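**Q** Next up, final12.pdb (PDB, C-alpha atoms).
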ATOM      1  CA  MET I 422      12.182 -18.033  15.889
ATOM      2  CA  THR I 423       8.988 -15.990  15.796
ATOM      3  CA  THR I 424       6.595 -16.841  12.980
ATOM      4  CA  ARG I 425       5.370 -13.777  11.063
ATOM      5  CA  LEU I 426       1.888 -14.075   9.609
ATOM      6  CA  LEU I 427      -0.240 -11.702   7.524
ATOM      7  CA  LEU I 428      -3.990 -12.333   7.490
ATOM      8  CA  VAL I 429      -5.837 -10.575   4.669
ATOM      9  CA  ASP I 430      -9.600 -10.607   4.905
ATOM     10  CA  GLY I 431     -12.210  -7.881   4.927
ATOM     11  CA  ASP I 432     -14.255  -9.481   7.688
ATOM     12  CA  LEU I 433     -11.459 -10.250  10.106
ATOM     13  CA  ASP I 434     -12.019  -9.688  13.785
ATOM     14  CA  ASN I 435      -8.503  -8.813  14.941
ATOM     15  CA  LYS I 436      -9.347  -9.358  18.611
ATOM     16  CA  ILE I 437     -10.387 -12.942  17.970
ATOM     17  CA  PHE I 438      -7.182 -13.683  16.062
ATOM     18  CA  ALA I 439      -5.090 -12.055  18.769
ATOM     19  CA  GLU I 440      -6.780 -14.364  21.283
ATOM     20  CA  TYR I 441      -6.250 -17.408  19.054
ATOM     21  CA  PHE I 442      -2.497 -16.898  19.102
ATOM     22  CA  ALA I 443      -1.956 -15.397  22.562
ATOM     23  CA  GLY I 444       0.968 -17.141  24.203
ATOM     24  CA  LEU I 445       2.293 -18.560  20.937
ATOM     25  CA  ASP I 446       5.420 -17.318  19.196
ATOM     26  CA  ILE I 447       3.459 -15.820  16.286
ATOM     27  CA  ASP I 448       3.389 -12.170  15.228
ATOM     28  CA  ILE I 449       0.253 -11.366  13.254
ATOM     29  CA  ASP I 450      -0.376  -8.389  11.015
ATOM     30  CA  PHE I 451      -3.720  -7.686   9.388
ATOM     31  CA  ALA I 452      -4.837  -6.188   6.091
ATOM     32  CA  SER I 453      -8.340  -5.805   4.742
ATOM     33  CA  THR I 454      -7.542  -5.338   1.040
ATOM     34  CA  GLY I 455      -5.245  -6.882  -1.526
ATOM     35  CA  VAL I 456      -3.485  -3.579  -2.186
ATOM     36  CA  GLU I 457      -2.810  -3.102   1.524
ATOM     37  CA  ALA I 458      -1.561  -6.697   1.775
ATOM     38  CA  CYS I 459       0.848  -6.278  -1.133
ATOM     39  CA  ALA I 460       2.262  -3.076   0.372
ATOM     40  CA  LYS I 461       2.771  -4.711   3.774
ATOM     41  CA  ALA I 462       4.348  -7.810   2.234
ATOM     42  CA  LEU I 463       6.889  -5.694   0.357
ATOM     43  CA  GLU I 464       7.922  -4.041   3.632
ATOM     44  CA  THR I 465       7.972  -7.077   5.945
ATOM     45  CA  ASP I 466       9.302 -10.610   5.546
ATOM     46  CA  TYR I 467       6.360 -12.867   6.386
ATOM     47  CA  HIS I 468       6.540 -16.628   6.718
ATOM     48  CA  MET I 469       2.918 -17.013   5.645
ATOM     49  CA  ILE I 470       0.244 -14.836   4.063
ATOM     50  CA  ILE I 471      -3.392 -15.916   4.176
ATOM     51  CA  LEU I 472      -5.299 -14.130   1.397
ATOM     52  CA  ALA I 473      -9.044 -14.080   0.974
ATOM     53  CA  ILE I 474      -9.899 -14.964  -2.613
ATOM     54  CA  ALA I 475     -12.651 -12.323  -2.745
ATOM     55  CA  MET I 476     -11.572  -8.823  -1.711
ATOM     56  CA  PRO I 477     -13.015  -5.411  -2.582
ATOM     57  CA  ASP I 478     -10.090  -3.965  -4.534
ATOM     58  CA  MET I 479      -8.028  -6.870  -5.840
ATOM     59  CA  ARG I 480      -8.775 -10.560  -6.206
ATOM     60  CA  GLY I 481      -6.669 -12.852  -4.050
ATOM     61  CA  ILE I 482      -5.389 -14.555  -7.214
ATOM     62  CA  ASP I 483      -4.097 -11.218  -8.538
ATOM     63  CA  ALA I 484      -2.487 -10.391  -5.191
ATOM     64  CA  ALA I 485      -0.800 -13.806  -5.117
ATOM     65  CA  ARG I 486       0.601 -13.332  -8.616
ATOM     66  CA  PHE I 487       1.915  -9.891  -7.666
ATOM     67  CA  LEU I 488       3.528 -11.257  -4.505
ATOM     68  CA  ARG I 489       5.146 -14.209  -6.273
ATOM     69  CA  ASP I 490       6.584 -11.824  -8.869
ATOM     70  CA  ASN I 491       7.793  -9.185  -6.419
ATOM     71  CA  LEU I 492       8.790 -10.765  -3.108
ATOM     72  CA  ARG I 493      12.360 -11.667  -2.271
ATOM     73  CA  GLN I 494      13.236 -15.065  -3.704
ATOM     74  CA  ASP I 495      15.694 -15.791  -0.886
ATOM     75  CA  LYS I 496      12.895 -15.486   1.716
ATOM     76  CA  PRO I 497      10.115 -17.743   0.413
ATOM     77  CA  VAL I 498       6.665 -17.091   1.833
ATOM     78  CA  LYS I 499       3.811 -19.582   1.995
ATOM     79  CA  LEU I 500       0.652 -18.245   0.373
ATOM     80  CA  VAL I 501      -2.722 -19.585   1.461
ATOM     81  CA  ALA I 502      -6.005 -18.833  -0.309
ATOM     82  CA  SER I 503      -8.971 -18.551   2.033
ATOM     83  CA  THR I 504     -12.565 -18.909   0.948
ATOM     84  CA  ALA I 505     -15.971 -19.520   2.447
ATOM     85  CA  SER I 506     -16.885 -21.785  -0.460
ATOM     86  CA  PRO I 507     -16.636 -25.433   0.550
ATOM     87  CA  ILE I 508     -16.329 -26.436  -3.110
ATOM     88  CA  ILE I 509     -13.220 -25.681  -5.126
ATOM     89  CA  THR I 510     -13.561 -26.932  -8.681
ATOM     90  CA  ARG I 511     -10.670 -28.560 -10.494
ATOM     91  CA  LYS I 512     -10.433 -25.445 -12.704
ATOM     92  CA  GLY I 513     -10.486 -23.191  -9.633
ATOM     93  CA  ARG I 514      -7.746 -25.209  -7.944
ATOM     94  CA  THR I 515      -5.661 -25.058 -11.131
ATOM     95  CA  GLN I 516      -6.017 -21.257 -11.156
ATOM     96  CA  LEU I 517      -4.987 -21.033  -7.493
ATOM     97  CA  ASP I 518      -1.963 -23.263  -8.082
ATOM     98  CA  ALA I 519      -0.957 -21.220 -11.146
ATOM     99  CA  ALA I 520      -1.175 -18.010  -9.110
ATOM    100  CA  GLY I 521       1.321 -19.450  -6.637
ATOM    101  CA  PHE I 522      -0.822 -20.514  -3.703
ATOM    102  CA  ASP I 523       0.582 -23.305  -1.532
ATOM    103  CA  GLU I 524      -2.699 -24.263   0.124
ATOM    104  CA  VAL I 525      -6.411 -23.481   0.368
ATOM    105  CA  TYR I 526      -8.139 -22.849   3.714
ATOM    106  CA  ILE I 527     -11.917 -23.231   3.862
ATOM    107  CA  LYS I 528     -13.546 -20.829   6.328
ATOM    108  CA  PRO I 529     -14.682 -20.418   9.012
ATOM    109  CA  TYR I 530     -11.393 -19.652  10.683
ATOM    110  CA  THR I 531     -10.845 -21.679  13.831
ATOM    111  CA  GLN I 532      -7.930 -21.725  16.216
ATOM    112  CA  ASP I 533      -7.290 -25.440  15.664
ATOM    113  CA  GLY I 534      -7.611 -25.103  11.888
ATOM    114  CA  LEU I 535      -5.171 -22.194  11.729
ATOM    115  CA  VAL I 536      -2.639 -23.859  14.028
ATOM    116  CA  GLN I 537      -2.853 -27.034  11.918
ATOM    117  CA  LEU I 538      -2.386 -24.980   8.733
ATOM    118  CA  ILE I 539       0.648 -23.165  10.115
ATOM    119  CA  THR I 540       2.187 -26.377  11.423
ATOM    120  CA  SER I 541       1.620 -28.236   8.150
ATOM    121  CA  LEU I 542       3.201 -25.515   6.011
ATOM    122  CA  LEU I 543       5.877 -24.166   8.353
ATOM    123  CA  GLY I 544       6.606 -27.071  10.665
ATOM    124  CA  ASP I 545       6.845 -26.708  14.428
ATOM    125  CA  SER I 546       8.945 -23.533  14.340
TER     126      SER I 546
END
Would you mind writing the structure in this file as structure tokens?
**A**
Amino acid sequence: MTTRLLLVDGDLDNKIFAEYFAGLDIDIDFASTGVEACAKALETDYHMIILAIAMPDMRGIDAARFLRDNLRQDKPVKLVASTASPIITRKGRTQLDAAGFDEVYIKPYTQDGLVQLITSLLGDS
């Protein structure tokens, strides 16, 4: 089964991500805003969505809440908050959990880090 992934980050370099996952059974879509991400997620069943916490039009927390409220319940999606901040306070983590995030990924994005994240949340599929 092909894993479907949506990466939402304003500073994404799509070529780098395409290279990271070349040869793997992963289909990746990209969005640069929360609004764009929400629209794509309503149209496509993703296994995982990685949302930047800070985006120009919608905070990642607000996008996560929208997605948890509006995505199909019979097709659960893993939501991952991504941030460049190496420190997540207890209050911040509580807010992320309440918004429906399953995990937090601390940037920078690396191939090994992303593969480990996908494997830990989705298994070896």
**Q** Find the residues around I:Glu464 up to 10 Å (all atoms listed in the file counted), leave out those fewer than 4 positions away in its own chain, and share them as number ranges by chain.
**A** I: 459-460, 492
**Q** So, with all atoms listed in the file as the atoms that count, which of I:Glu440, I:Asp478, I:Asp533, I:Asp518 lies closest to I:Glu457?
**A** I:Asp478
**Q** With distances taken over only C-alpha atoms, which residue among I:Thr515, I:Ala473, I:Asn491, I:Val498 lies nearest I:Ile527?
**A**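 Ranked by minimum distance to I:Ile527, first place goes to I:Ala473.
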**Q** So which residues get picked by the PyMOL selection byres ((chain I and resi 465) around 10) here, written as a count of residues only?
**A** 13
**Q** Restricting the calculation to all atoms listed in the file, which member of I:Gly544, I:Ile539, I:Phe438, I:Val429 is positioned closest to I:Ala502?
**A**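 Closest to I:Ala502 of all the choices is I:Val429.
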**Q** Would you kindly translate the PyMOL selection byres ((chain I and resi 489) around 12) into the concrete residues it picks from this file, as number ranges by chain?
**A** I: 459, 462-463, 470, 482-488, 490-500, 518-523
**Q** Could you write out that same residue set with C-alpha atoms as a compact mmCIF listing (two decimals), in the frame of the given file?
**A**
# COMPACT_ATOMS: atom_id res chain seq x y z
CA CYS I 459 0.85 -6.28 -1.13
CA ALA I 462 4.35 -7.81 2.23
CA LEU I 463 6.89 -5.69 0.36
CA ILE I 470 0.24 -14.84 4.06
CA ILE I 482 -5.39 -14.56 -7.21
CA ASP I 483 -4.10 -11.22 -8.54
CA ALA I 484 -2.49 -10.39 -5.19
CA ALA I 485 -0.80 -13.81 -5.12
CA ARG I 486 0.60 -13.33 -8.62
CA PHE I 487 1.92 -9.89 -7.67
CA LEU I 488 3.53 -11.26 -4.50
CA ASP I 490 6.58 -11.82 -8.87
CA ASN I 491 7.79 -9.18 -6.42
CA LEU I 492 8.79 -10.76 -3.11
CA ARG I 493 12.36 -11.67 -2.27
CA GLN I 494 13.24 -15.06 -3.70
CA ASP I 495 15.69 -15.79 -0.89
CA LYS I 496 12.90 -15.49 1.72
CA PRO I 497 10.12 -17.74 0.41
CA VAL I 498 6.66 -17.09 1.83
CA LYS I 499 3.81 -19.58 2.00
CA LEU I 500 0.65 -18.24 0.37
CA ASP I 518 -1.96 -23.26 -8.08
CA ALA I 519 -0.96 -21.22 -11.15
CA ALA I 520 -1.18 -18.01 -9.11
CA GLY I 521 1.32 -19.45 -6.64
CA PHE I 522 -0.82 -20.51 -3.70
CA ASP I 523 0.58 -23.30 -1.53
**Q** Expressed in Å to a single decimal, how great is the separation between atom CA of I:Tyr526 and atom CA of I:Ser503?
**A**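 These atoms are spaced 4.7 Å apart.
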**Q** Go through I:Ile509, I:Phe442, I:Leu428, I:Gly455 one by one, measure the shortest atom-to-atom distance of each to I:Ile471 using all atoms listed in the file, and give the residue with the smallest value.
**A** I:Leu428
**Q** Atom CA of I:Met479 and atom CA of I:Thr540, how far apart in Å?
**A**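 Spanning atom CA of I:Thr540 to atom CA of I:Met479 is a straight-line distance of 28.0 Å.
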**Q** At a cut-off of 10 Å, using all atoms listed in the file, what residues contact I:Met422? Leave out same-chain residues fewer than 2 positions from it and give the result as an mmCIF file with C-alpha atoms, keeping the file's coordinate frame.
**A**
data_model
loop_
_atom_site.group_PDB
_atom_site.id
_atom_site.type_symbol
_atom_site.label_atom_id
_atom_site.label_comp_id
_atom_site.auth_asym_id
_atom_site.auth_seq_id
_atom_site.Cartn_x
_atom_site.Cartn_y
_atom_site.Cartn_z
ATOM 1 C CA THR I 424 6.595 -16.841 12.980
ATOM 2 C CA ARG I 425 5.370 -13.777 11.063
ATOM 3 C CA ASP I 446 5.420 -17.318 19.196
ATOM 4 C CA ILE I 447 3.459 -15.820 16.286
ATOM 5 C CA SER I 546 8.945 -23.533 14.340
#
**Q** Name every residue that the PyMOL selection byres ((chain I and resi 529) around 12) selects in this structure, writing the answer as a list in words with chains first and numbers rising.
**A** Asp430, Asp432, Leu433, Ala473, Ser503, Thr504, Ala505, Ser506, Pro507, Tyr526, Ile527, Lys528, Tyr530, Thr531, Gln532, Asp533, Gly534 and Leu535 of chain I
**Q** Take atom CA of I:Thr510 and atom CA of I:Arg480 and report the distance between them in Å, one decimal.
**A**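 Value for the atom CA of I:Thr510-atom CA of I:Arg480 distance: 17.2 Å.
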**Q** For stretch 487-496 of chain I, what centre and edge lengths in Å (one decimal) does the axis-aligned box get once 6 Å is added on each side of all its listed atoms, as lines of an AutoDock Vina configuration file?
**A**
center_x = 8.8
center_y = -12.5
center_z = -3.6
size_x = 25.8
size_y = 18.6
size_z = 22.6
